[in-house]
Amino acid sequence: MSDIKSNLHPCKHCNETGTCTSGEKESSCIACAKYHELKRSQTYIGLACGTCGGLGQSEPLTERINKRTKPLLAMTIVFVLLICVTVLAFSNNPNFSAFLAFAGTLIGSITTFYFSKGDKNT
């Protein structure tokens with residue numbers, strides 16, 4: 001996990017400082033107050049930037065979504081298969097053995113993909 005690369009871009013909202021000063025009189029803006037779940041009616045100074053999370057550099061939303069899609073899809077498939085196997089086992093379905101072979105193979109290949117040490121799954 002330590003070799004994950006991301007394309008960070010300078011945050012224009014906080015001018016790469018990590019602290020929001022986009023409001024009136026160098027205070028934090030309403031969007032950053034909402035990001036921190038604070039009341040909008042008050043004025044806050046020194047809040048971490050809500051756009052970049054206080055880093056000063058932000059990662060594009062599409063890149064974050066692309067990085068999370070494969071693991072979330074894999075977890076969803078595994079959980080759905082485990083639920084289906086459980087339901088078929090308790091309902092004494094005659095096709096249980098065929099479905100168990102299919103589900104076991106698919107769960108095994110997903111687990112192997114994510115826990116292998118190779119660089120192919122980046």
# chains A, B, ... in the order shown; residues from 1 in each chain; ligands from 1
$ residues_around --residues "A:Asn7" --least-positions-apart "2" --cutoff "12 Å" --atoms "only C-alpha atoms" --output "ChimeraX atom specification"
/A:4-5,9-10,57-64,67
$ select_by_dssp --residues "chain A" --states "helix (DSSP H, G or I)" --output "PyMOL selection string"
chain A and resi 24-26+30-35+61-90+96-115+119-121
$ residues_around --residues "A:Leu47" --least-positions-apart "6" --cutoff "8 Å" --atoms "only C-alpha atoms" --output "list of chain:residue names"
A:Thr19, A:Cys20, A:Ser28, A:Cys32, A:Ala33
$ residues_around --residues "stretch 96-100 of chain A" --least-positions-apart "4" --cutoff "10 Å" --atoms "only C-alpha atoms" --output "ChimeraX atom specification"
/A:81-82,84-92,104-106
$ atom_distance --atom1 "atom CA of A:His36" --atom2 "atom CA of A:Ala48"
8.5 Å
$ atom_distance --atom1 "atom CA of A:Cys52" --atom2 "atom CA of A:Lys70"
23.4 Å
$ residues_around --residues "A:Tyr35" --least-positions-apart "6" --cutoff "9 Å" --atoms "only C-alpha atoms" --output "NGL selection string"
:A and (49-51)
$ write_last_selection --atoms "C-alpha atoms" --output "PDB file, in the first residue's frame"
ATOM      1  CA  CYS A  49      -9.136  23.770   3.889  1.00  0.00           C
ATOM      2  CA  GLY A  50     -12.164  21.655   2.994  1.00  0.00           C
ATOM      3  CA  THR A  51     -11.091  21.229  -0.614  1.00  0.00           C
TER       4      THR A  51
END
$ residues_around --residues "A:Glu24" --least-positions-apart "4" --cutoff "12 Å" --atoms "only C-alpha atoms" --output "PDB file with C-alpha atoms, in the first residue's frame"
ATOM      1  CA  CYS A  20      -8.689  28.455   4.391  1.00  0.00           C
ATOM      2  CA  SER A  28     -12.518  30.740   6.643  1.00  0.00           C
ATOM      3  CA  CYS A  29     -15.248  30.490   4.029  1.00  0.00           C
ATOM      4  CA  ILE A  30     -18.732  29.032   4.478  1.00  0.00           C
ATOM      5  CA  GLN A  42     -20.408  32.267  12.833  1.00  0.00           C
ATOM      6  CA  THR A  43     -17.018  33.421  11.554  1.00  0.00           C
ATOM      7  CA  TYR A  44     -14.111  31.012  11.890  1.00  0.00           C
ATOM      8  CA  ILE A  45     -10.414  31.682  11.444  1.00  0.00           C
TER       9      ILE A  45
END
$ residues_around --residues "A:Gly56" --least-positions-apart "2" --cutoff "6 Å" --atoms "only C-alpha atoms" --output "list in words"
Cys11, Glu16, Thr17, Gly18 and Gly54 of chain A
$ closest_residue --among "A:Ile83, A:Ile65, A:Ile110, A:Leu55" --to "A:Lys12" --atoms "only C-alpha atoms"
A:Leu55
$ atom_distance --atom1 "atom CA of A:Ser41" --atom2 "atom CA of A:Gly23"
12.6 Å
$ closest_residue --among "A:Thr69, A:Met75, A:Glu37, A:Gly46" --to "A:Lys25" --atoms "only C-alpha atoms"
A:Gly46
